[in-house]
Amino acid sequence: MRDTLFEDIEAVPSGYGSVHFDRDELIHLLSELRTQEDIAVLRNKTRELKRRIDLCDPAVLTDGRSDGNVVSLRKDVVSSELSQILEARTIERAKYYVKRLELGVKKVKTSAINDINLHRWKEYTEIITDSLWVLPKRDTTGAHLGWYWGNFIPQIPHQLMLRYTKRGDWVLDPFVGSGTTLIECRRLGRNGIGIELNEAVAQRARELVHKEKSRHQVKTEIFAGDAQLLIMHPPYHDIISFSDDANDLSNADSTSGFVRMFAEALDNWTPVLECGRYFGLVIGDKYSKGEWVPLGFHCMNAVLDRQYSLKSIIVKNFDETRAKREQKQLWRYRALVGGFYIFKHEYIFLFRKN
Ligand SMILES: C[S@@+](CC[C@H](N)C(=O)[O-])C[C@H]1O[C@@H](n2cnc3c(N)ncnc32)[C@H](O)[C@@H]1O
């Protein structure tokens, strides 16, 4: 049995404490609770266990041992589950909560597309499940320097990989820019391949990606076989000009030309994505000649014309660029005069390949 959960939780900068138990001992303790017939005894034993966990009494824990029989639980979650047992009004209800806790210690239940242990889903508070992502600041740890104009925040590939890949899966990012996706691959133990048109950018990305220490045996450049997650973060048409290359999507001569180039890139990469797996498209809209140009929805329609179904549209808050921050009042004035709203969001479209 694999204790996948805590390895992934560790990879998330969380700051939550965990308690480490001897698995057999804990299972024994919980089965004792589950077979109690007297609710007062059950409550006393639970209270005692909770007290020892809250104080981190080494007697219930492992005494620093770290063999294969150690199970790690998030301290705040296990403590609140024990409180729930204490608050149960009937012995049946209390035993039901004990059984649920026991299951999380004994078994790992994961789906086909990620490593989330569904028996311990409460511990994954870092994983977002809402369609509105308000991420106050970018992750700037390790090799994430944020030097590239037009990059996305590392939390985007991070969240997508936790939800839609397993450790060792392959992630493909054909607009890899500064390598944000590949840095996250190294952190989370996913193999990654990135394609970038601009050689100078690709070279800098390569150097940085390899500066990111990885405790996993993963490859972050060589592609072998199918991919299990496709992430595309194309230029938002000509909002930023990335190069003079005619193949650069930021040089498309019109909105329809841009969508056509995006669709060609998608057609290039779709064959390597396994059926049933996910594609995350990160894109924002633009404003041109007094009109809102919904690049995101145009691209979404192009994807839906192909063999994909739509799973989610996530709206994510948009980091203000420094230029915009400095000219905040001017932009507000322009918005009032021009009858438009200032962009504060972009989209993450989630598709499943059929
Ligand atoms: C929005 S940026 C991606 C940024 C990236 N997510 C990051 O965090 O650094 C889009 C990238 O696509 C590249 N690009 C544009 N057209 C391309 C093409 N046809 N093939 C590959 N890359 C392309 C640009 O040079 C740019 O680096």
# chains A, B, ... in the order shown; residues from 1 in each chain; ligands from 1

$ residues_near_ligand --ligand "ligand 1" --cutoff "6 Å" --atoms "only C-alpha atoms and all ligand atoms" --output "list in words"
Tyr148, Gly150, Asn151, Phe152, Pro174, Phe175, Val176, Gly177, Ser178, Gly179, Thr180, Ile195, Glu196, Leu197, Asn198, His233, Pro234, Pro235, Phe242, Asn247, Asp248 and Leu249 of chain A

$ select_by_dssp --residues "region 137-321 of chain A" --states "strand (DSSP E)" --output "PyMOL selection string"
chain A and resi 170-173+191-194+227-232+273-283+286-288+291-293+308-317

$ write_last_selection --atoms "N, CA and C atoms" --output "short mmCIF file (atom, residue, chain, number, x, y, z; two decimals), in the first residue's frame"
data_model
loop_
_atom_site.label_atom_id
_atom_site.label_comp_id
_atom_site.auth_asym_id
_atom_site.auth_seq_id
_atom_site.Cartn_x
_atom_site.Cartn_y
_atom_site.Cartn_z
N TRP A 170 3.37 12.24 -17.74
CA TRP A 170 4.02 13.21 -18.63
C TRP A 170 3.13 14.42 -18.83
N VAL A 171 3.74 15.60 -18.73
CA VAL A 171 3.02 16.86 -18.96
C VAL A 171 3.68 17.55 -20.15
N LEU A 172 2.85 18.02 -21.07
CA LEU A 172 3.37 18.66 -22.28
C LEU A 172 2.92 20.12 -22.30
N ASP A 173 3.87 21.04 -22.45
CA ASP A 173 3.54 22.46 -22.55
C ASP A 173 4.20 23.01 -23.81
N ASN A 191 7.02 14.04 -15.19
CA ASN A 191 7.92 14.27 -16.31
C ASN A 191 7.34 15.39 -17.16
N GLY A 192 8.22 16.21 -17.74
CA GLY A 192 7.68 17.33 -18.50
C GLY A 192 8.43 17.57 -19.78
N ILE A 193 7.68 18.00 -20.80
CA ILE A 193 8.33 18.42 -22.04
C ILE A 193 7.80 19.80 -22.40
N GLY A 194 8.72 20.67 -22.76
CA GLY A 194 8.32 22.03 -23.12
C GLY A 194 8.84 22.37 -24.49
N ALA A 227 1.28 11.80 -23.52
CA ALA A 227 1.23 12.71 -22.38
C ALA A 227 -0.10 12.53 -21.66
N GLN A 228 -0.10 12.82 -20.35
CA GLN A 228 -1.32 12.68 -19.56
C GLN A 228 -1.93 14.03 -19.19
N LEU A 229 -1.20 15.10 -19.46
CA LEU A 229 -1.77 16.44 -19.26
C LEU A 229 -1.14 17.36 -20.29
N LEU A 230 -2.01 18.13 -20.96
CA LEU A 230 -1.52 19.12 -21.92
C LEU A 230 -1.86 20.49 -21.34
N ILE A 231 -0.86 21.33 -21.20
CA ILE A 231 -1.10 22.70 -20.72
C ILE A 231 -0.69 23.64 -21.85
N MET A 232 -1.60 24.55 -22.24
CA MET A 232 -1.25 25.51 -23.28
C MET A 232 -1.49 26.91 -22.75
N LEU A 273 -1.80 13.33 -26.62
CA LEU A 273 -2.51 13.31 -25.33
C LEU A 273 -3.37 12.05 -25.27
N GLU A 274 -3.25 11.33 -24.18
CA GLU A 274 -4.05 10.10 -24.05
C GLU A 274 -5.54 10.45 -23.98
N CYS A 275 -6.38 9.59 -24.55
CA CYS A 275 -7.83 9.79 -24.46
C CYS A 275 -8.24 9.70 -22.99
N GLY A 276 -9.23 10.52 -22.62
CA GLY A 276 -9.71 10.49 -21.23
C GLY A 276 -8.90 11.38 -20.31
N ARG A 277 -7.80 11.98 -20.85
CA ARG A 277 -6.98 12.84 -20.00
C ARG A 277 -7.25 14.32 -20.31
N TYR A 278 -6.59 15.20 -19.58
CA TYR A 278 -7.01 16.60 -19.55
C TYR A 278 -6.10 17.56 -20.30
N PHE A 279 -6.73 18.64 -20.75
CA PHE A 279 -6.05 19.73 -21.42
C PHE A 279 -6.46 21.04 -20.74
N GLY A 280 -5.48 21.77 -20.21
CA GLY A 280 -5.75 23.06 -19.57
C GLY A 280 -5.26 24.18 -20.47
N LEU A 281 -6.19 25.05 -20.87
CA LEU A 281 -5.84 26.19 -21.72
C LEU A 281 -5.92 27.47 -20.87
N VAL A 282 -4.80 28.16 -20.79
CA VAL A 282 -4.76 29.40 -19.99
C VAL A 282 -4.72 30.56 -20.96
N ILE A 283 -5.72 31.42 -20.92
CA ILE A 283 -5.76 32.53 -21.89
C ILE A 283 -6.63 33.68 -21.38
N LYS A 286 -8.71 40.35 -24.98
CA LYS A 286 -8.03 41.62 -25.24
C LYS A 286 -9.06 42.68 -25.63
N TYR A 287 -8.60 43.90 -25.66
CA TYR A 287 -9.46 45.01 -26.00
C TYR A 287 -8.83 45.70 -27.20
N SER A 288 -9.61 45.90 -28.26
CA SER A 288 -9.02 46.52 -29.46
C SER A 288 -10.06 47.38 -30.18
N GLU A 291 -13.47 47.62 -28.73
CA GLU A 291 -14.25 46.38 -28.57
C GLU A 291 -13.52 45.35 -27.73
N TRP A 292 -14.29 44.63 -26.92
CA TRP A 292 -13.74 43.49 -26.16
C TRP A 292 -13.62 42.31 -27.14
N VAL A 293 -12.43 41.76 -27.24
CA VAL A 293 -12.23 40.62 -28.14
C VAL A 293 -12.09 39.35 -27.29
N TYR A 308 -12.82 17.13 -27.93
CA TYR A 308 -12.71 17.44 -26.50
C TYR A 308 -14.08 17.78 -25.93
N SER A 309 -14.27 17.52 -24.63
CA SER A 309 -15.46 18.05 -23.96
C SER A 309 -15.01 19.00 -22.86
N LEU A 310 -15.88 19.98 -22.61
CA LEU A 310 -15.54 21.03 -21.64
C LEU A 310 -15.84 20.54 -20.23
N LYS A 311 -14.87 20.65 -19.33
CA LYS A 311 -15.08 20.22 -17.95
C LYS A 311 -15.26 21.40 -17.00
N SER A 312 -14.55 22.50 -17.24
CA SER A 312 -14.68 23.67 -16.35
C SER A 312 -14.18 24.92 -17.04
N ILE A 313 -14.78 26.04 -16.65
CA ILE A 313 -14.20 27.35 -17.02
C ILE A 313 -13.86 28.02 -15.70
N ILE A 314 -12.57 28.18 -15.47
CA ILE A 314 -12.12 28.82 -14.23
C ILE A 314 -11.78 30.27 -14.54
N VAL A 315 -12.23 31.15 -13.67
CA VAL A 315 -11.88 32.56 -13.81
C VAL A 315 -10.84 32.87 -12.75
N LYS A 316 -9.70 33.36 -13.19
CA LYS A 316 -8.60 33.62 -12.25
C LYS A 316 -8.27 35.11 -12.24
N ASN A 317 -8.05 35.63 -11.05
CA ASN A 317 -7.70 37.06 -10.98
C ASN A 317 -6.39 37.31 -11.71
#

$ residues_around --residues "region 203-218 of chain A" --least-positions-apart "4" --cutoff "7 Å" --atoms "only C-alpha atoms" --output "MDAnalysis selection string"
chainID A and resid 142:143 168 178:179 182:183 186:187 189:191 199

$ residues_around --residues "Phe318 (chain A)" --least-positions-apart "2" --cutoff "7 Å" --atoms "only C-alpha atoms" --output "list of chain:residue names"
A:Lys316, A:Glu320, A:Lys344, A:His345, A:Glu346

$ atom_distance --atom1 "CA of Gly284 (chain A)" --atom2 "CA of Tyr124 (chain A)"
28.2 Å

$ select_by_dssp --residues "region 177-249 of chain A" --states "alpha helix (DSSP H)" --output "PyMOL selection string"
chain A and resi 180-188+199-211

$ closest_residue --among "A:Val71, A:Glu37, A:Leu304, A:Leu55" --to "Asp24 (chain A)" --atoms "only C-alpha atoms"
A:Val71

$ residues_around --residues "Lys45 (chain A)" --least-positions-apart "2" --cutoff "10 Å" --atoms "only C-alpha atoms" --output "PyMOL selection string"
chain A and resi 29-30+32-33+36+39-43+47-51+86

$ write_last_selection --atoms "N, CA and C atoms" --output "PDB file, in the first residue's frame"
ATOM      1  N   LEU A  29      -5.708   0.854  18.028  1.00  0.00           N
ATOM      2  CA  LEU A  29      -6.411   1.828  18.890  1.00  0.00           C
ATOM      3  C   LEU A  29      -7.804   2.166  18.338  1.00  0.00           C
ATOM      4  N   LEU A  30      -7.843   2.375  17.014  1.00  0.00           N
ATOM      5  CA  LEU A  30      -9.120   2.755  16.400  1.00  0.00           C
ATOM      6  C   LEU A  30     -10.101   1.585  16.385  1.00  0.00           C
ATOM      7  N   GLU A  32     -10.244  -0.690  18.585  1.00  0.00           N
ATOM      8  CA  GLU A  32     -10.734  -0.779  19.979  1.00  0.00           C
ATOM      9  C   GLU A  32     -11.900   0.190  20.192  1.00  0.00           C
ATOM     10  N   LEU A  33     -11.718   1.385  19.652  1.00  0.00           N
ATOM     11  CA  LEU A  33     -12.788   2.395  19.783  1.00  0.00           C
ATOM     12  C   LEU A  33     -14.043   1.932  19.052  1.00  0.00           C
ATOM     13  N   GLN A  36     -16.237  -0.618  20.908  1.00  0.00           N
ATOM     14  CA  GLN A  36     -16.781  -0.246  22.228  1.00  0.00           C
ATOM     15  C   GLN A  36     -18.313  -0.268  22.202  1.00  0.00           C
ATOM     16  N   ILE A  39     -20.720   4.325  25.223  1.00  0.00           N
ATOM     17  CA  ILE A  39     -20.312   5.605  24.614  1.00  0.00           C
ATOM     18  C   ILE A  39     -19.410   6.422  25.541  1.00  0.00           C
ATOM     19  N   ALA A  40     -19.603   6.273  26.865  1.00  0.00           N
ATOM     20  CA  ALA A  40     -18.759   7.029  27.812  1.00  0.00           C
ATOM     21  C   ALA A  40     -17.298   6.561  27.704  1.00  0.00           C
ATOM     22  N   VAL A  41     -17.105   5.228  27.612  1.00  0.00           N
ATOM     23  CA  VAL A  41     -15.736   4.688  27.488  1.00  0.00           C
ATOM     24  C   VAL A  41     -15.123   5.138  26.152  1.00  0.00           C
ATOM     25  N   LEU A  42     -15.947   5.023  25.113  1.00  0.00           N
ATOM     26  CA  LEU A  42     -15.463   5.433  23.777  1.00  0.00           C
ATOM     27  C   LEU A  42     -15.007   6.903  23.802  1.00  0.00           C
ATOM     28  N   ARG A  43     -15.826   7.735  24.468  1.00  0.00           N
ATOM     29  CA  ARG A  43     -15.479   9.170  24.518  1.00  0.00           C
ATOM     30  C   ARG A  43     -14.193   9.383  25.333  1.00  0.00           C
ATOM     31  N   ARG A  47     -10.942  11.052  23.891  1.00  0.00           N
ATOM     32  CA  ARG A  47     -10.424  12.283  24.502  1.00  0.00           C
ATOM     33  C   ARG A  47      -8.932  12.129  24.813  1.00  0.00           C
ATOM     34  N   GLU A  48      -8.584  10.958  25.340  1.00  0.00           N
ATOM     35  CA  GLU A  48      -7.189  10.701  25.716  1.00  0.00           C
ATOM     36  C   GLU A  48      -6.290  10.708  24.459  1.00  0.00           C
ATOM     37  N   LEU A  49      -6.764  10.060  23.392  1.00  0.00           N
ATOM     38  CA  LEU A  49      -5.986  10.027  22.155  1.00  0.00           C
ATOM     39  C   LEU A  49      -5.809  11.446  21.611  1.00  0.00           C
ATOM     40  N   LYS A  50      -6.892  12.214  21.632  1.00  0.00           N
ATOM     41  CA  LYS A  50      -6.842  13.586  21.114  1.00  0.00           C
ATOM     42  C   LYS A  50      -5.875  14.441  21.948  1.00  0.00           C
ATOM     43  N   ARG A  51      -5.939  14.254  23.270  1.00  0.00           N
ATOM     44  CA  ARG A  51      -5.054  15.027  24.148  1.00  0.00           C
ATOM     45  C   ARG A  51      -3.584  14.733  23.807  1.00  0.00           C
ATOM     46  N   LEU A  86     -16.113  12.888  19.379  1.00  0.00           N
ATOM     47  CA  LEU A  86     -16.509  13.280  20.745  1.00  0.00           C
ATOM     48  C   LEU A  86     -17.878  13.946  20.767  1.00  0.00           C
TER      49      LEU A  86
END

$ residues_around --residues "Asn114 (chain A)" --least-positions-apart "5" --cutoff "10 Å" --atoms "only C-alpha atoms" --output "ChimeraX atom specification"
/A:161-167,169

$ closest_residue --among "A:Ala94, A:Leu103, A:Leu188, A:Ile27" --to "Asn69 (chain A)" --atoms "only C-alpha atoms"
A:Ile27

$ atom_distance --atom1 "CA of Val19 (chain A)" --atom2 "CA of Leu118 (chain A)"
19.2 Å

$ atom_distance --atom1 "CA of Asp245 (chain A)" --atom2 "CA of Ile348 (chain A)"
26.4 Å

$ closest_residue --among "A:Ile156, A:Ala112, A:Leu336, A:Val134" --to "Leu350 (chain A)" --atoms "only C-alpha atoms"
A:Ile156

$ closest_residue --among "A:Gly104, A:Met300, A:Asp130, A:His119" --to "Gln159 (chain A)" --atoms "only C-alpha atoms"
A:Asp130
